[in-house]
Amino acid sequence: MAARVSESVRYWANEHFSRGNWRIVLFVYIVLAPVLLLFGYVRMVPIFESLILSFHKWDLINPIKPFIGWANYEELFQDENFWLSLKNTTIYAFSVVILSTLIAVPLAVFLAQKSRLSAIYQTIYFLPFITPMVPVSIAWKWIYDYNHGLLNYVLSVFGIPAVAWLTDPGIALYALIIMGVWKVVGYNMILLLVGIRNIPSTYVEAAAIDGASGFQRFRYVTLPLLRPILLYVFVTSSITAFNVFTQVYVMTLGSQSAPGQAVRVLVFDIYQNAFQYFRFGYASAEAVNLTLIVLGLTLIQFRIARNKEGMDG
């Protein structure tokens, strides 16, 4: 069945992207050219400037930026704060991406069924994503409050003692993960829902005629055809998760902070080195490493998706 689905997908792609449509493709690139140029200037130029700055020593005040070669990178790989930040960021990113996707897939399948309340549920799930991060972080900081938080109050109803969600170094990171999953699951669900609704009904009907059960239709029809959307979800979610900063800055600084920098993440470490210690060259080296990590993970995800498609074919 998987082979038949893969063959049908390739046939559909060949029909829609044949040589006769090259004019449409050319028109699309021409229309996107100004946006791509602006994106290149706003995004790519700072990346190259950060790469160059990472080989210099600069404190923002002194106009002289002496070239120091690989010294920033050598110091970086010996810095305990960097490795702690990398560990926390990796745990956060993988947890948020995997959990949010595992929750979003069944939600999307359920809401893809025709229902009068489907639009209402979509709105409810999507609202956290479009809400600005700062007010969301403040609200969750109150929810997690040890003395007056809503979550500990609910736990007390069941006789469970209060938990120091943001001050316990063993729990603080996982509290942020819960909040991160809640924030992005609606966005992932909407993307997957669009993908499910765009799957031609003939494939599902053919599988049903062949005697496939509901789970088999999902496993051999829906899931393979959702692979491009899943790849997009994984890539974008990974990039966003590795750039986590605002909720850490808002929720874990001040009186409600976990001891031992338990929730120190890479972007916060970059911010601190650049704008508190004025070590812009060192912070640029950290930013370059973060960029390489995200780029490497993206390439790995594309490679895995391509190999999986080749195995199915």
# chains A, B, ... in the order shown; residues from 1 in each chain; ligands from 1

call {"tool": "select_by_dssp", "arguments": {"residues": "region 90-231 of chain A", "states": "alpha helix (DSSP H)", "output": "PyMOL selection string"}}
result
chain A and resi 90-111+118-130+133-143+150-157+172-197+201-209+214-217+223-225+227-231

call {"tool": "residues_around", "arguments": {"residues": "Phe94 (chain A)", "least_positions_apart": "5", "cutoff": "10 Å", "atoms": "only C-alpha atoms", "output": "PDB file with N, CA and C atoms, in the first residue's frame"}}
result
ATOM      1  N   THR A  89      19.607  24.189  26.146  1.00  0.00           N
ATOM      2  CA  THR A  89      18.918  24.540  24.898  1.00  0.00           C
ATOM      3  C   THR A  89      18.551  23.293  24.108  1.00  0.00           C
ATOM      4  N   LEU A  99       7.310  16.823  21.536  1.00  0.00           N
ATOM      5  CA  LEU A  99       6.031  16.789  22.249  1.00  0.00           C
ATOM      6  C   LEU A  99       4.956  17.579  21.521  1.00  0.00           C
ATOM      7  N   SER A 100       5.288  18.764  21.027  1.00  0.00           N
ATOM      8  CA  SER A 100       4.287  19.570  20.331  1.00  0.00           C
ATOM      9  C   SER A 100       3.799  18.887  19.064  1.00  0.00           C
ATOM     10  N   ILE A 177       9.564  23.980  29.364  1.00  0.00           N
ATOM     11  CA  ILE A 177       9.206  23.097  28.253  1.00  0.00           C
ATOM     12  C   ILE A 177       7.684  22.967  28.141  1.00  0.00           C
ATOM     13  N   PHE A 234       8.922  20.331  11.662  1.00  0.00           N
ATOM     14  CA  PHE A 234      10.135  19.990  12.411  1.00  0.00           C
ATOM     15  C   PHE A 234      11.211  21.059  12.238  1.00  0.00           C
ATOM     16  N   SER A 237      10.024  24.504  13.848  1.00  0.00           N
ATOM     17  CA  SER A 237       9.940  24.369  15.299  1.00  0.00           C
ATOM     18  C   SER A 237      11.336  24.256  15.922  1.00  0.00           C
ATOM     19  N   SER A 238      12.239  23.560  15.251  1.00  0.00           N
ATOM     20  CA  SER A 238      13.598  23.421  15.770  1.00  0.00           C
ATOM     21  C   SER A 238      14.317  24.757  15.787  1.00  0.00           C
ATOM     22  N   ALA A 241      12.790  26.843  18.601  1.00  0.00           N
ATOM     23  CA  ALA A 241      13.113  26.322  19.934  1.00  0.00           C
ATOM     24  C   ALA A 241      14.568  26.595  20.308  1.00  0.00           C
ATOM     25  N   PHE A 242      15.473  26.481  19.356  1.00  0.00           N
ATOM     26  CA  PHE A 242      16.885  26.737  19.660  1.00  0.00           C
ATOM     27  C   PHE A 242      17.149  28.221  19.906  1.00  0.00           C
TER      28      PHE A 242
END

call {"tool": "residues_around", "arguments": {"residues": "region 225-229 of chain A", "least_positions_apart": "4", "cutoff": "8 Å", "atoms": "only C-alpha atoms", "output": "ChimeraX atom specification"}}
result
/A:9,191-192,195-196,199,221,233,305

call {"tool": "write_last_selection", "arguments": {"atoms": "N, CA and C atoms", "output": "mmCIF file, in the first residue's frame"}}
result
data_model
loop_
_atom_site.group_PDB
_atom_site.id
_atom_site.type_symbol
_atom_site.label_atom_id
_atom_site.label_comp_id
_atom_site.auth_asym_id
_atom_site.auth_seq_id
_atom_site.Cartn_x
_atom_site.Cartn_y
_atom_site.Cartn_z
ATOM 1 N N VAL A 9 1.700 9.884 -5.389
ATOM 2 C CA VAL A 9 2.223 11.214 -5.060
ATOM 3 C C VAL A 9 3.158 11.713 -6.156
ATOM 4 N N LEU A 191 -0.982 23.866 10.728
ATOM 5 C CA LEU A 191 -0.232 23.455 9.536
ATOM 6 C C LEU A 191 -0.578 22.032 9.129
ATOM 7 N N LEU A 192 -0.614 21.134 10.096
ATOM 8 C CA LEU A 192 -0.947 19.738 9.797
ATOM 9 C C LEU A 192 -2.394 19.601 9.344
ATOM 10 N N GLY A 195 -2.579 20.472 5.771
ATOM 11 C CA GLY A 195 -2.052 19.379 4.970
ATOM 12 C C GLY A 195 -3.020 18.221 4.850
ATOM 13 N N ILE A 196 -3.692 17.866 5.930
ATOM 14 C CA ILE A 196 -4.651 16.756 5.897
ATOM 15 C C ILE A 196 -5.825 17.089 4.989
ATOM 16 N N ILE A 199 -5.184 16.626 1.230
ATOM 17 C CA ILE A 199 -4.962 15.288 0.690
ATOM 18 C C ILE A 199 -6.183 14.884 -0.138
ATOM 19 N N VAL A 221 -1.656 6.223 4.235
ATOM 20 C CA VAL A 221 -2.136 7.245 3.307
ATOM 21 C C VAL A 221 -1.872 8.643 3.857
ATOM 22 N N VAL A 233 7.259 21.495 9.707
ATOM 23 C CA VAL A 233 6.987 21.691 11.130
ATOM 24 C C VAL A 233 8.230 21.425 11.961
ATOM 25 N N ALA A 305 14.441 12.877 5.773
ATOM 26 C CA ALA A 305 13.198 12.871 4.993
ATOM 27 C C ALA A 305 13.439 12.345 3.586
#

call {"tool": "closest_residue", "arguments": {"among": "A:Met44, A:Leu230, A:Val134, A:Ile68", "to": "Phe302 (chain A)", "atoms": "only C-alpha atoms"}}
result
A:Leu230

call {"tool": "closest_residue", "arguments": {"among": "A:Tyr125, A:Lys65, A:Leu166, A:Phe27", "to": "Lys183 (chain A)", "atoms": "only C-alpha atoms"}}
result
A:Tyr125

call {"tool": "closest_residue", "arguments": {"among": "A:Ile160, A:Ile64, A:Leu38, A:Leu231", "to": "Ile304 (chain A)", "atoms": "only C-alpha atoms"}}
result
A:Leu231

call {"tool": "closest_residue", "arguments": {"among": "A:Val204, A:Ile239, A:Val96, A:Leu26", "to": "Thr222 (chain A)", "atoms": "only C-alpha atoms"}}
result
A:Val204

call {"tool": "atom_distance", "arguments": {"atom1": "CA of Tyr146 (chain A)", "atom2": "CA of Ala162 (chain A)"}}
result
6.5 Å

call {"tool": "atom_distance", "arguments": {"atom1": "CA of Tyr73 (chain A)", "atom2": "CA of Val288 (chain A)"}}
result
9.8 Å

call {"tool": "closest_residue", "arguments": {"among": "A:Arg23, A:Lys57, A:Arg43, A:Arg197", "to": "Phe278 (chain A)", "atoms": "only C-alpha atoms"}}
result
A:Lys57

call {"tool": "closest_residue", "arguments": {"among": "A:Arg217, A:Leu107, A:Ala175, A:Arg264", "to": "Tyr121 (chain A)", "atoms": "only C-alpha atoms"}}
result
A:Leu107

call {"tool": "atom_distance", "arguments": {"atom1": "CA of Lys87 (chain A)", "atom2": "CA of Leu292 (chain A)"}}
result
15.6 Å

call {"tool": "residues_around", "arguments": {"residues": "Asn81 (chain A)", "least_positions_apart": "3", "cutoff": "10 Å", "atoms": "only C-alpha atoms", "output": "list in words"}}
result
Leu76, Phe77, Gln78, Leu84, Ser85, Leu86, Lys87, Gln261, Arg264, Val265, Leu266 and Asp269 of chain A
